[in-house]
>>> print(open('coords.txt').read())   # compact mmCIF, C-alpha atoms
# COMPACT_ATOMS: atom_id res chain seq x y z
CA MET V 52 28.05 -15.64 -55.36
CA LEU V 53 27.93 -13.92 -58.76
CA LYS V 54 24.40 -15.21 -59.31
CA ASN V 55 23.16 -13.35 -56.24
CA PHE V 56 25.54 -10.40 -56.05
CA GLY V 57 26.68 -9.90 -59.66
CA GLY V 58 24.27 -7.03 -60.25
CA SER V 59 25.25 -5.36 -56.98
CA ILE V 60 28.96 -5.63 -57.78
CA ALA V 61 28.40 -4.08 -61.21
CA PHE V 62 26.26 -1.32 -59.68
CA THR V 63 28.99 -0.67 -57.11
CA LEU V 64 31.66 -0.27 -59.79
CA VAL V 65 29.48 2.22 -61.68
CA CYS V 66 28.80 4.24 -58.50
CA LEU V 67 32.47 4.26 -57.54
CA ALA V 68 33.38 5.46 -61.05
CA LEU V 69 30.80 8.24 -60.75
CA ALA V 70 32.14 9.13 -57.29
CA ALA V 71 35.70 9.30 -58.66
CA VAL V 72 34.65 11.56 -61.53
CA TYR V 73 32.59 13.77 -59.21
CA GLY V 74 35.40 13.98 -56.64
CA TRP V 75 37.97 14.91 -59.27
CA PHE V 76 35.82 17.63 -60.87
CA GLN V 77 34.98 19.06 -57.44
CA THR V 78 38.50 19.05 -56.01
CA ALA V 79 41.00 18.43 -58.85
CA SER V 80 43.03 16.61 -56.21
CA LEU V 81 43.88 12.91 -56.09
CA PRO V 82 43.95 12.67 -52.25
CA ALA V 83 40.61 14.48 -52.03
CA THR V 84 39.11 12.21 -54.69
CA LEU V 85 40.33 9.12 -52.83
CA SER V 86 38.75 10.56 -49.69
CA VAL V 87 35.41 10.84 -51.52
CA LEU V 88 35.70 7.22 -52.65
CA TRP V 89 36.48 6.11 -49.11
CA ILE V 90 33.43 7.92 -47.72
CA VAL V 91 31.21 6.31 -50.38
CA VAL V 92 32.52 2.86 -49.38
CA MET V 93 32.00 3.58 -45.67
CA LEU V 94 28.45 4.80 -46.30
CA SER V 95 27.63 1.62 -48.20
CA VAL V 96 28.99 -0.49 -45.32
CA LEU V 97 26.94 1.60 -42.86
CA GLU V 98 23.78 1.02 -44.88
CA VAL V 99 24.32 -2.75 -45.07
CA SER V 100 25.11 -3.04 -41.36
CA LEU V 101 21.97 -1.09 -40.41
CA SER V 102 19.74 -2.96 -42.85
CA PHE V 103 20.75 -6.62 -42.56
CA ASP V 104 17.70 -7.31 -40.40
CA ASN V 105 15.67 -5.55 -43.07
CA ALA V 106 16.91 -8.09 -45.62
CA VAL V 107 15.77 -10.99 -43.43
CA VAL V 108 12.29 -9.51 -42.92
CA ASN V 109 12.07 -8.73 -46.65
CA ALA V 110 12.83 -12.39 -47.33
CA VAL V 111 10.07 -13.47 -44.92
CA VAL V 112 7.50 -11.52 -46.96
CA LEU V 113 8.98 -12.24 -50.38
CA ARG V 114 8.92 -16.01 -49.97
CA GLU V 115 5.10 -15.80 -49.81
CA MET V 116 4.90 -13.77 -53.05
CA ASP V 117 5.00 -15.13 -56.57
CA GLU V 118 8.02 -14.57 -58.83
CA ILE V 119 6.40 -11.70 -60.71
CA TRP V 120 5.96 -9.58 -57.56
CA GLN V 121 9.37 -10.65 -56.28
CA ARG V 122 10.93 -9.26 -59.46
CA ARG V 123 8.84 -6.10 -59.20
CA PHE V 124 10.03 -5.50 -55.67
CA LEU V 125 13.65 -6.13 -56.63
CA THR V 126 13.37 -3.73 -59.62
CA TRP V 127 10.70 -1.11 -59.02
CA GLY V 128 11.28 -1.32 -55.28
CA MET V 129 14.97 -0.69 -55.91
CA VAL V 130 14.16 2.51 -57.79
CA ILE V 131 11.90 3.65 -54.95
CA ALA V 132 14.52 2.77 -52.33
CA VAL V 133 17.45 4.46 -54.11
CA PHE V 134 15.85 7.42 -55.87
CA GLY V 135 12.92 7.98 -53.54
CA MET V 136 14.38 7.52 -50.06
CA ARG V 137 18.04 8.40 -50.61
CA ILE V 138 17.51 11.46 -52.83
CA VAL V 139 13.90 12.68 -52.94
CA PHE V 140 13.12 12.15 -49.23
CA PRO V 141 15.90 14.42 -47.84
CA LEU V 142 15.08 17.04 -50.47
CA ALA V 143 11.40 16.87 -49.49
CA ILE V 144 12.35 17.45 -45.84
CA VAL V 145 14.32 20.56 -46.82
CA ALA V 146 11.53 21.86 -49.06
CA ILE V 147 8.84 21.38 -46.39
CA ALA V 148 10.94 22.66 -43.48
CA VAL V 149 11.99 25.87 -45.25
CA GLY V 150 8.85 26.30 -47.35
CA MET V 151 10.54 26.33 -50.74
CA GLY V 152 10.18 24.57 -54.06
CA PRO V 153 11.93 21.28 -54.90
CA MET V 154 14.40 22.93 -57.28
CA ASP V 155 15.48 25.41 -54.58
CA ALA V 156 15.91 22.49 -52.18
CA LEU V 157 18.06 20.73 -54.77
CA ARG V 158 20.15 23.90 -55.21
CA ILE V 159 20.76 24.13 -51.45
CA SER V 160 21.79 20.47 -51.29
CA LEU V 161 24.38 21.03 -54.01
CA THR V 162 25.67 24.51 -53.17
CA GLU V 163 25.08 24.86 -49.40
CA PRO V 164 25.76 21.39 -47.95
CA ALA V 165 26.15 22.64 -44.36
CA ARG V 166 22.72 24.31 -44.45
CA TYR V 167 21.25 21.23 -46.13
CA GLU V 168 22.60 19.00 -43.36
CA ALA V 169 21.28 21.31 -40.64
CA ILE V 170 17.76 21.37 -42.10
CA VAL V 171 17.57 17.57 -42.55
CA SER V 172 18.98 16.97 -39.07
CA SER V 173 16.46 19.40 -37.57
CA ALA V 174 13.67 17.06 -38.71
CA HIS V 175 15.14 14.18 -36.70
CA VAL V 176 12.50 14.26 -33.95
CA GLY V 177 9.64 13.72 -36.39
CA ILE V 178 11.58 11.09 -38.33
CA ALA V 179 12.43 9.24 -35.12
CA GLY V 180 8.78 9.26 -34.05
CA PHE V 181 7.42 7.98 -37.35
CA GLY V 182 10.15 5.47 -38.18
CA GLY V 183 10.43 4.18 -34.62
CA ALA V 184 6.67 3.69 -34.28
CA PHE V 185 6.30 1.90 -37.62
CA LEU V 186 9.24 -0.42 -36.95
CA ALA V 187 8.00 -1.11 -33.42
CA MET V 188 4.64 -2.19 -34.84
CA VAL V 189 6.40 -4.48 -37.31
CA GLY V 190 8.49 -6.12 -34.58
CA LEU V 191 5.81 -6.35 -31.90
CA SER V 192 3.23 -7.77 -34.33
CA PHE V 193 5.55 -10.70 -34.99
CA PHE V 194 5.77 -11.58 -31.28
CA PHE V 195 2.14 -10.81 -30.38
CA ASP V 196 0.99 -13.82 -32.38
CA GLY V 197 -0.92 -16.57 -30.62
CA GLU V 198 -0.36 -18.99 -33.52
CA LYS V 199 3.44 -18.73 -33.37
CA ASP V 200 4.70 -22.05 -31.99
CA VAL V 201 8.46 -21.56 -32.45
CA HIS V 202 10.15 -19.41 -29.81
CA TRP V 203 13.79 -18.36 -29.52
CA ILE V 204 13.95 -16.26 -26.33
CA THR V 205 11.34 -18.57 -24.86
CA GLY V 206 10.54 -16.84 -21.57
CA ILE V 207 9.69 -13.52 -23.23
CA GLU V 208 8.24 -14.75 -26.52
CA ARG V 209 5.79 -17.16 -24.92
CA VAL V 210 4.46 -14.43 -22.63
CA LEU V 211 4.01 -12.04 -25.57
CA ALA V 212 2.25 -14.74 -27.60
CA ARG V 213 -0.04 -15.38 -24.65
CA PHE V 214 -1.13 -11.72 -24.65
CA ALA V 215 -1.91 -11.85 -28.37
CA ASP V 216 -5.61 -12.39 -27.63
CA ILE V 217 -5.77 -8.93 -26.05
CA LYS V 218 -6.71 -6.67 -28.94
CA ALA V 219 -4.26 -3.86 -29.72
CA ALA V 220 -1.94 -4.82 -26.84
CA GLU V 221 1.11 -3.93 -28.92
CA ILE V 222 -0.38 -0.53 -29.78
CA ALA V 223 -0.98 0.18 -26.09
CA ILE V 224 2.65 -0.68 -25.26
CA LEU V 225 3.92 1.53 -28.07
CA LEU V 226 1.71 4.46 -27.06
CA PHE V 227 3.08 4.27 -23.51
CA ALA V 228 6.61 4.28 -24.95
CA LEU V 229 5.85 7.29 -27.18
CA TYR V 230 4.35 9.17 -24.26
CA GLY V 231 7.29 8.32 -22.01
CA VAL V 232 9.83 9.65 -24.53
CA SER V 233 7.73 12.75 -25.21
CA LEU V 234 7.95 13.71 -21.51
CA LEU V 235 11.71 14.10 -21.99
CA LEU V 236 11.31 16.54 -24.89
CA PRO V 237 10.48 20.27 -25.04
CA ALA V 238 6.78 20.97 -25.56
CA ASP V 239 6.99 21.77 -29.29
CA GLU V 240 9.21 18.76 -30.04
CA ALA V 241 7.01 16.50 -27.91
CA LEU V 242 3.97 17.42 -30.00
CA THR V 243 5.86 16.73 -33.23
CA PHE V 244 7.15 13.44 -31.86
CA LEU V 245 3.72 12.22 -30.73
CA GLY V 246 2.07 13.27 -34.00
CA ALA V 247 4.74 11.52 -36.07
CA GLY V 248 4.49 8.41 -33.87
CA ALA V 249 0.70 8.31 -34.30
CA LEU V 250 1.16 8.66 -38.06
CA GLY V 251 3.61 5.74 -38.01
CA ILE V 252 1.03 3.55 -36.24
CA VAL V 253 -1.72 4.60 -38.65
CA THR V 254 0.55 3.91 -41.64
CA PHE V 255 1.25 0.39 -40.37
CA ILE V 256 -2.46 -0.27 -39.83
CA ALA V 257 -3.29 1.13 -43.29
CA VAL V 258 -0.69 -1.05 -45.04
CA GLU V 259 -1.87 -4.11 -43.12
CA ALA V 260 -5.49 -3.30 -44.03
CA ILE V 261 -4.65 -3.01 -47.72
CA GLY V 262 -2.87 -6.36 -47.58
CA THR V 263 -5.82 -8.00 -45.81
CA LEU V 264 -8.33 -6.61 -48.33
CA LEU V 265 -6.22 -7.87 -51.23
CA GLU V 266 -5.94 -11.31 -49.62
CA MET V 267 -9.73 -11.43 -49.15
CA GLN V 268 -10.22 -10.49 -52.79
CA GLU V 269 -7.74 -13.14 -53.87
CA ALA V 270 -9.51 -15.78 -51.74
CA ALA V 271 -12.87 -14.84 -53.25
CA GLN V 272 -11.50 -15.10 -56.78
CA LYS V 273 -9.94 -18.48 -56.05
CA ALA V 274 -13.26 -19.71 -54.64
CA ALA V 275 -14.85 -18.66 -57.93
CA GLY V 276 -12.32 -20.76 -59.85
CA GLN V 277 -10.01 -17.94 -60.88
CA VAL V 278 -6.29 -18.44 -60.38
CA VAL V 279 -4.91 -15.20 -58.94
CA ARG V 280 -1.73 -14.58 -56.99
CA SER V 281 -1.54 -10.98 -55.84
CA GLY V 282 1.54 -9.49 -54.23
CA LEU V 283 0.53 -5.82 -54.17
CA GLY V 284 -0.10 -5.81 -50.42
CA GLY V 285 3.31 -7.30 -49.70
CA PHE V 286 4.91 -4.92 -52.21
CA LEU V 287 3.46 -1.88 -50.42
CA TYR V 288 4.38 -3.27 -47.00
CA LEU V 289 7.98 -3.91 -48.02
CA ASN V 290 8.45 -0.44 -49.49
CA VAL V 291 7.11 1.30 -46.38
CA LEU V 292 9.32 -0.97 -44.27
CA ASP V 293 12.32 -0.09 -46.42
CA ALA V 294 11.52 3.59 -46.00
CA SER V 295 11.45 3.25 -42.22
CA PHE V 296 14.80 1.47 -42.20
CA SER V 297 16.35 4.07 -44.50
CA PHE V 298 15.54 6.96 -42.13
CA ASP V 299 18.30 5.89 -39.78
CA GLY V 300 20.83 5.48 -42.57
CA VAL V 301 20.02 8.83 -44.21
CA ILE V 302 20.35 10.76 -40.95
CA GLY V 303 23.41 8.79 -39.87
CA ALA V 304 25.13 9.44 -43.20
CA PHE V 305 25.69 13.08 -42.22
CA ALA V 306 28.22 11.90 -39.66
CA LEU V 307 30.47 11.09 -42.61
CA SER V 308 29.48 13.66 -45.24
CA ASN V 309 27.00 16.45 -45.91
CA ASN V 310 27.36 16.18 -49.68
CA MET V 311 24.09 14.94 -51.22
CA VAL V 312 25.79 13.28 -54.20
CA VAL V 313 28.26 11.37 -52.03
CA ILE V 314 25.54 10.28 -49.59
CA ALA V 315 23.24 9.14 -52.41
CA LEU V 316 25.99 7.08 -54.08
CA GLY V 317 27.11 5.41 -50.84
CA LEU V 318 23.66 4.57 -49.53
CA SER V 319 22.52 3.36 -52.96
CA ILE V 320 25.33 0.82 -53.07
CA GLY V 321 24.32 -0.41 -49.63
CA ALA V 322 20.65 -0.61 -50.63
CA MET V 323 21.56 -2.65 -53.70
CA PHE V 324 23.51 -5.19 -51.63
CA VAL V 325 20.61 -5.47 -49.17
CA ARG V 326 18.36 -6.32 -52.13
CA SER V 327 20.81 -8.98 -53.32
CA LEU V 328 21.07 -10.41 -49.81
CA THR V 329 17.28 -10.59 -49.65
CA LEU V 330 17.16 -12.46 -52.94
CA MET V 331 19.85 -14.90 -51.76
CA LEU V 332 17.90 -15.67 -48.56
CA VAL V 333 14.77 -16.41 -50.60
CA ARG V 334 16.48 -18.51 -53.28
CA ASN V 335 18.52 -20.58 -50.84
CA GLY V 336 15.68 -21.15 -48.39
CA THR V 337 17.91 -19.88 -45.59
CA LEU V 338 15.03 -18.93 -43.29
CA SER V 339 13.69 -22.48 -43.34
CA GLU V 340 17.15 -23.92 -42.76
CA TYR V 341 17.97 -21.71 -39.77
CA ARG V 342 15.13 -21.97 -37.28
CA TYR V 343 15.67 -18.78 -35.21
CA LEU V 344 17.12 -16.40 -37.82
CA GLU V 345 13.74 -14.79 -38.42
CA HIS V 346 13.31 -14.25 -34.66
CA GLY V 347 16.71 -12.59 -34.43
CA ALA V 348 15.80 -10.20 -37.25
CA PHE V 349 12.54 -9.17 -35.57
CA TRP V 350 14.27 -8.68 -32.22
CA ALA V 351 16.78 -6.49 -34.07
CA ILE V 352 13.85 -4.50 -35.49
CA VAL V 353 12.40 -4.01 -32.00
CA ALA V 354 15.83 -2.87 -30.79
CA LEU V 355 16.20 -0.48 -33.75
CA ALA V 356 12.71 0.91 -33.10
CA ALA V 357 13.58 1.54 -29.44
CA ILE V 358 16.84 3.23 -30.43
CA MET V 359 15.07 5.46 -32.96
CA LEU V 360 12.47 6.52 -30.38
CA ILE V 361 15.10 7.23 -27.72
CA SER V 362 17.28 9.09 -30.25
CA ALA V 363 14.67 11.87 -30.26
CA HIS V 364 16.13 12.77 -26.84
CA VAL V 365 19.63 11.26 -26.75
CA GLU V 366 21.98 10.97 -29.71
CA ILE V 367 22.99 7.34 -30.26
CA PRO V 368 25.92 6.50 -32.59
CA GLU V 369 25.01 4.49 -35.69
CA THR V 370 27.78 2.01 -34.86
CA VAL V 371 25.86 1.05 -31.71
CA THR V 372 22.68 0.56 -33.72
CA GLY V 373 24.40 -1.63 -36.29
CA LEU V 374 26.28 -3.60 -33.64
CA ILE V 375 23.13 -4.46 -31.65
CA GLY V 376 21.36 -5.72 -34.77
CA ALA V 377 24.39 -7.76 -35.85
CA VAL V 378 24.74 -9.34 -32.38
CA LEU V 379 21.05 -10.33 -32.21
CA ILE V 380 21.06 -11.85 -35.68
CA GLY V 381 24.41 -13.54 -35.05
CA LEU V 382 23.14 -15.12 -31.82
CA SER V 383 19.93 -16.31 -33.49
CA LEU V 384 22.02 -17.89 -36.26
CA LEU V 385 24.27 -19.58 -33.68
CA TRP V 386 21.23 -20.96 -31.80
CA SER V 387 19.78 -22.16 -35.12
CA VAL V 388 22.94 -24.07 -35.99
CA ARG V 389 23.04 -25.59 -32.50
CA HIS V 390 19.37 -26.67 -32.75
CA LYS V 391 19.98 -28.14 -36.20
CA ARG V 392 22.84 -30.27 -34.88
CA ARG V 393 20.86 -31.48 -31.87
CA PHE V 394 17.56 -32.13 -33.65
CA PRO V 395 18.29 -32.84 -37.36
CA ASP V 396 15.01 -34.74 -37.87
CA SER V 397 12.86 -31.79 -36.73
CA GLU V 398 14.30 -29.63 -39.52
CA ILE V 399 13.23 -32.17 -42.11
CA GLU V 400 9.72 -32.36 -40.67
CA GLU V 401 9.34 -28.57 -40.67
CA ALA V 402 10.50 -28.37 -44.29
CA LEU V 403 7.91 -30.98 -45.29
CA ARG V 404 5.15 -29.07 -43.44
CA ALA V 405 6.20 -25.86 -45.19
CA GLU V 406 5.82 -27.54 -48.57
>>> encode(input="coords.txt", output="C-alpha cells")
Amino acid sequence: MLKNFGGSIAFTLVCLALAAVYGWFQTASLPATLSVLWIVVMLSVLEVSLSFDNAVVNAVVLREMDEIWQRRFLTWGMVIAVFGMRIVFPLAIVAIAVGMGPMDALRISLTEPARYEAIVSSAHVGIAGFGGAFLAMVGLSFFFDGEKDVHWITGIERVLARFADIKAAEIAILLFALYGVSLLLPADEALTFLGAGALGIVTFIAVEAIGTLLEMQEAAQKAAGQVVRSGLGGFLYLNVLDASFSFDGVIGAFALSNNMVVIALGLSIGAMFVRSLTLMLVRNGTLSEYRYLEHGAFWAIVALAAIMLISAHVEIPETVTGLIGAVLIGLSLLWSVRHKRRFPDSEIEEALRAE
C-alpha cells in the first residue's frame, strides 16, 4: 500500500495543509476553513471517480514502455497534469475568451471567482466537442481491431472487430454523432462544437501518427543492431489522454467551488492518486490477471465520450458520469474473476504468451 500510494498520501497531506492555511487567511474562521478542507477532499474524490478508467488505460500503455519512460510519465506527466491542466488550462480559456493577458486572467481567477467560473463554463461546448471526440476515438479504436481475440460483451465487440477492415469506420460513426448533436445546438454553438470535434479527431490521428513514426524508427534501428526503446509516442499519447479526461473534472469542479486555488488543490490530489493507481496496476500485473478489466475501462471511455458530447446540449451531473464508469469497470472485474475461477488454466497460458 505505502509502496504504491506513499507519495500520494504525502502529497495529500501537503495540499490539505496548504488548503487549511489558505482557508484561514481568507476567512479567519474555523468553520469556513473546515468547509474549504471538505471541498478539497470532495474534489479529489470526484477526480478519482471520473478518472479510474483513465488509470486502467494508462496502465495498458505504460506496460509496453520501458522503466525510464514510465518514470518520466509519472514525474513530468504529473507536472503537466497538475500544473498544466488544473491551473494553466482554465486560465488559458479565460484569457482567450475575454482577449486578455495571462496575468489579468490570473487576477480574475483570484479576485472575481464568479466571473472566472462563468467564463470557463461558457467554453463548455468547445471543450465537450474536443474532449468527447478524442475520447471516442480512443475507445472506438480499441474495439475496431480485427486482431483482438478476447471479447467481453461478445455480441457487440465481435461485430465491431469484424468491421475493423473498413477503413476509418470509427471516424465515420463519430462524425455522424457529432453532426447529430450539433443539430440540437444553436447555429453559433453548433459551429464551435463541430470545429472542436474535428480538432479532437485530428489530434488523435496526429498523436497516433507520431507514435507510429517513432515505432518505425525504433524498428529500423533495431534491425541495424542498435538497442533502442523509445517511449516518446506513448508519453505524448498519455498526456493528451489525461488532458481529455481532465476536461470533465475541471468543469465539474465548479459545482463545488469557483475558487481557483481550492479547485487546483482538490483536483491535484485526485490526479496524484490516479497516477499511483496506474503504477500499482502496472507493477502488480493486474491487467493480465483480470481478463476483461481493460475492456471495461474502454467501454467506460466510450460512455464518458458519449456523455461529454451530449453534455453540449443537456447538462449531465458528474455523479452520473462517475457512476457509469464505476459500474462498467466493476462488472468487467466481476466477469474477470468469474472467468478466472472457471478457466484457471487459460490464465496461465495467456500469461506465458504475454511473456
>>> closest_residue(input="coords.txt", among="V:Ala357, V:Ile320, V:Ile178, V:Leu374", to="Ala294 (chain V)", atoms="all atoms listed in the file")
V:Ile178
>>> closest_residue(input="coords.txt", among="V:Ile361, V:Ala238, V:Ile352, V:Ile90", to="Ser192 (chain V)", atoms="all atoms listed in the file")
V:Ile352
>>> closest_residue(input="coords.txt", among="V:Leu142, V:Ala247, V:Leu236, V:Ala315", to="Val365 (chain V)", atoms="all atoms listed in the file")
V:Leu236
>>> residues_around(input="coords.txt", residues="Glu168 (chain V)", least_positions_apart="2", cutoff="12 Å", atoms="all atoms listed in the file", output="VMD selection string")
chain V and resid 141 to 142 144 to 145 156 159 to 166 170 to 175 301 to 311 314
>>> atom_distance(input="coords.txt", atom1="CA of Glu198 (chain V)", atom2="CA of His346 (chain V)")
14.5 Å
>>> decode(input="coords.txt", residues="region 123-144 of chain V", atoms="N, CA, C and O atoms", output="PDB file, in the first residue's frame")
ATOM      1  N   ARG V 123       9.283   8.917 -16.388  1.00  0.00           N
ATOM      2  CA  ARG V 123       9.074  10.257 -16.947  1.00  0.00           C
ATOM      3  C   ARG V 123       7.592  10.621 -16.974  1.00  0.00           C
ATOM      4  O   ARG V 123       7.223  11.766 -16.691  1.00  0.00           O
ATOM      5  N   PHE V 124       6.757   9.644 -17.327  1.00  0.00           N
ATOM      6  CA  PHE V 124       5.327   9.927 -17.331  1.00  0.00           C
ATOM      7  C   PHE V 124       4.818  10.194 -15.916  1.00  0.00           C
ATOM      8  O   PHE V 124       3.995  11.083 -15.694  1.00  0.00           O
ATOM      9  N   LEU V 125       5.305   9.419 -14.967  1.00  0.00           N
ATOM     10  CA  LEU V 125       4.828   9.553 -13.592  1.00  0.00           C
ATOM     11  C   LEU V 125       5.418  10.765 -12.883  1.00  0.00           C
ATOM     12  O   LEU V 125       4.959  11.134 -11.800  1.00  0.00           O
ATOM     13  N   THR V 126       6.440  11.414 -13.478  1.00  0.00           N
ATOM     14  CA  THR V 126       7.012  12.638 -12.892  1.00  0.00           C
ATOM     15  C   THR V 126       6.685  13.844 -13.763  1.00  0.00           C
ATOM     16  O   THR V 126       5.905  14.705 -13.368  1.00  0.00           O
ATOM     17  N   TRP V 127       7.260  13.902 -14.954  1.00  0.00           N
ATOM     18  CA  TRP V 127       6.974  15.029 -15.843  1.00  0.00           C
ATOM     19  C   TRP V 127       5.493  15.079 -16.188  1.00  0.00           C
ATOM     20  O   TRP V 127       4.888  16.157 -16.222  1.00  0.00           O
ATOM     21  N   GLY V 128       4.919  13.914 -16.461  1.00  0.00           N
ATOM     22  CA  GLY V 128       3.495  13.865 -16.785  1.00  0.00           C
ATOM     23  C   GLY V 128       2.638  14.369 -15.635  1.00  0.00           C
ATOM     24  O   GLY V 128       1.594  14.980 -15.844  1.00  0.00           O
ATOM     25  N   MET V 129       3.108  14.140 -14.407  1.00  0.00           N
ATOM     26  CA  MET V 129       2.377  14.626 -13.239  1.00  0.00           C
ATOM     27  C   MET V 129       2.379  16.146 -13.201  1.00  0.00           C
ATOM     28  O   MET V 129       1.367  16.790 -12.899  1.00  0.00           O
ATOM     29  N   VAL V 130       3.518  16.736 -13.516  1.00  0.00           N
ATOM     30  CA  VAL V 130       3.616  18.201 -13.548  1.00  0.00           C
ATOM     31  C   VAL V 130       2.681  18.766 -14.609  1.00  0.00           C
ATOM     32  O   VAL V 130       1.970  19.750 -14.386  1.00  0.00           O
ATOM     33  N   ILE V 131       2.665  18.130 -15.784  1.00  0.00           N
ATOM     34  CA  ILE V 131       1.780  18.576 -16.865  1.00  0.00           C
ATOM     35  C   ILE V 131       0.319  18.443 -16.447  1.00  0.00           C
ATOM     36  O   ILE V 131      -0.497  19.338 -16.670  1.00  0.00           O
ATOM     37  N   ALA V 132      -0.013  17.304 -15.829  1.00  0.00           N
ATOM     38  CA  ALA V 132      -1.398  17.047 -15.437  1.00  0.00           C
ATOM     39  C   ALA V 132      -1.875  18.030 -14.372  1.00  0.00           C
ATOM     40  O   ALA V 132      -2.980  18.572 -14.455  1.00  0.00           O
ATOM     41  N   VAL V 133      -1.039  18.276 -13.352  1.00  0.00           N
ATOM     42  CA  VAL V 133      -1.442  19.136 -12.234  1.00  0.00           C
ATOM     43  C   VAL V 133      -1.337  20.606 -12.603  1.00  0.00           C
ATOM     44  O   VAL V 133      -2.308  21.359 -12.545  1.00  0.00           O
ATOM     45  N   PHE V 134      -0.145  21.025 -13.011  1.00  0.00           N
ATOM     46  CA  PHE V 134       0.080  22.445 -13.288  1.00  0.00           C
ATOM     47  C   PHE V 134      -0.571  22.861 -14.603  1.00  0.00           C
ATOM     48  O   PHE V 134      -1.237  23.898 -14.682  1.00  0.00           O
ATOM     49  N   GLY V 135      -0.395  22.022 -15.636  1.00  0.00           N
ATOM     50  CA  GLY V 135      -0.898  22.397 -16.950  1.00  0.00           C
ATOM     51  C   GLY V 135      -2.407  22.368 -17.045  1.00  0.00           C
ATOM     52  O   GLY V 135      -3.046  23.364 -17.403  1.00  0.00           O
ATOM     53  N   MET V 136      -3.024  21.219 -16.715  1.00  0.00           N
ATOM     54  CA  MET V 136      -4.455  21.057 -16.958  1.00  0.00           C
ATOM     55  C   MET V 136      -5.326  21.598 -15.831  1.00  0.00           C
ATOM     56  O   MET V 136      -6.452  22.030 -16.075  1.00  0.00           O
ATOM     57  N   ARG V 137      -4.852  21.588 -14.602  1.00  0.00           N
ATOM     58  CA  ARG V 137      -5.691  22.037 -13.498  1.00  0.00           C
ATOM     59  C   ARG V 137      -5.538  23.524 -13.202  1.00  0.00           C
ATOM     60  O   ARG V 137      -6.390  24.118 -12.553  1.00  0.00           O
ATOM     61  N   ILE V 138      -4.463  24.151 -13.687  1.00  0.00           N
ATOM     62  CA  ILE V 138      -4.233  25.569 -13.410  1.00  0.00           C
ATOM     63  C   ILE V 138      -4.133  26.376 -14.703  1.00  0.00           C
ATOM     64  O   ILE V 138      -4.900  27.313 -14.930  1.00  0.00           O
ATOM     65  N   VAL V 139      -3.181  26.008 -15.573  1.00  0.00           N
ATOM     66  CA  VAL V 139      -2.933  26.791 -16.784  1.00  0.00           C
ATOM     67  C   VAL V 139      -4.110  26.703 -17.764  1.00  0.00           C
ATOM     68  O   VAL V 139      -4.500  27.716 -18.359  1.00  0.00           O
ATOM     69  N   PHE V 140      -4.677  25.509 -17.940  1.00  0.00           N
ATOM     70  CA  PHE V 140      -5.753  25.330 -18.918  1.00  0.00           C
ATOM     71  C   PHE V 140      -6.960  26.230 -18.643  1.00  0.00           C
ATOM     72  O   PHE V 140      -7.417  26.944 -19.548  1.00  0.00           O
ATOM     73  N   PRO V 141      -7.524  26.246 -17.410  1.00  0.00           N
ATOM     74  CA  PRO V 141      -8.651  27.157 -17.172  1.00  0.00           C
ATOM     75  C   PRO V 141      -8.277  28.624 -17.356  1.00  0.00           C
ATOM     76  O   PRO V 141      -9.081  29.414 -17.856  1.00  0.00           O
ATOM     77  N   LEU V 142      -7.061  28.983 -16.953  1.00  0.00           N
ATOM     78  CA  LEU V 142      -6.613  30.366 -17.138  1.00  0.00           C
ATOM     79  C   LEU V 142      -6.503  30.710 -18.619  1.00  0.00           C
ATOM     80  O   LEU V 142      -6.840  31.821 -19.044  1.00  0.00           O
ATOM     81  N   ALA V 143      -6.037  29.740 -19.422  1.00  0.00           N
ATOM     82  CA  ALA V 143      -5.922  29.964 -20.864  1.00  0.00           C
ATOM     83  C   ALA V 143      -7.303  30.166 -21.490  1.00  0.00           C
ATOM     84  O   ALA V 143      -7.472  31.008 -22.384  1.00  0.00           O
ATOM     85  N   ILE V 144      -8.297  29.415 -21.021  1.00  0.00           N
ATOM     86  CA  ILE V 144      -9.664  29.580 -21.518  1.00  0.00           C
ATOM     87  C   ILE V 144     -10.145  31.005 -21.257  1.00  0.00           C
ATOM     88  O   ILE V 144     -10.714  31.670 -22.126  1.00  0.00           O
TER      89      ILE V 144
END
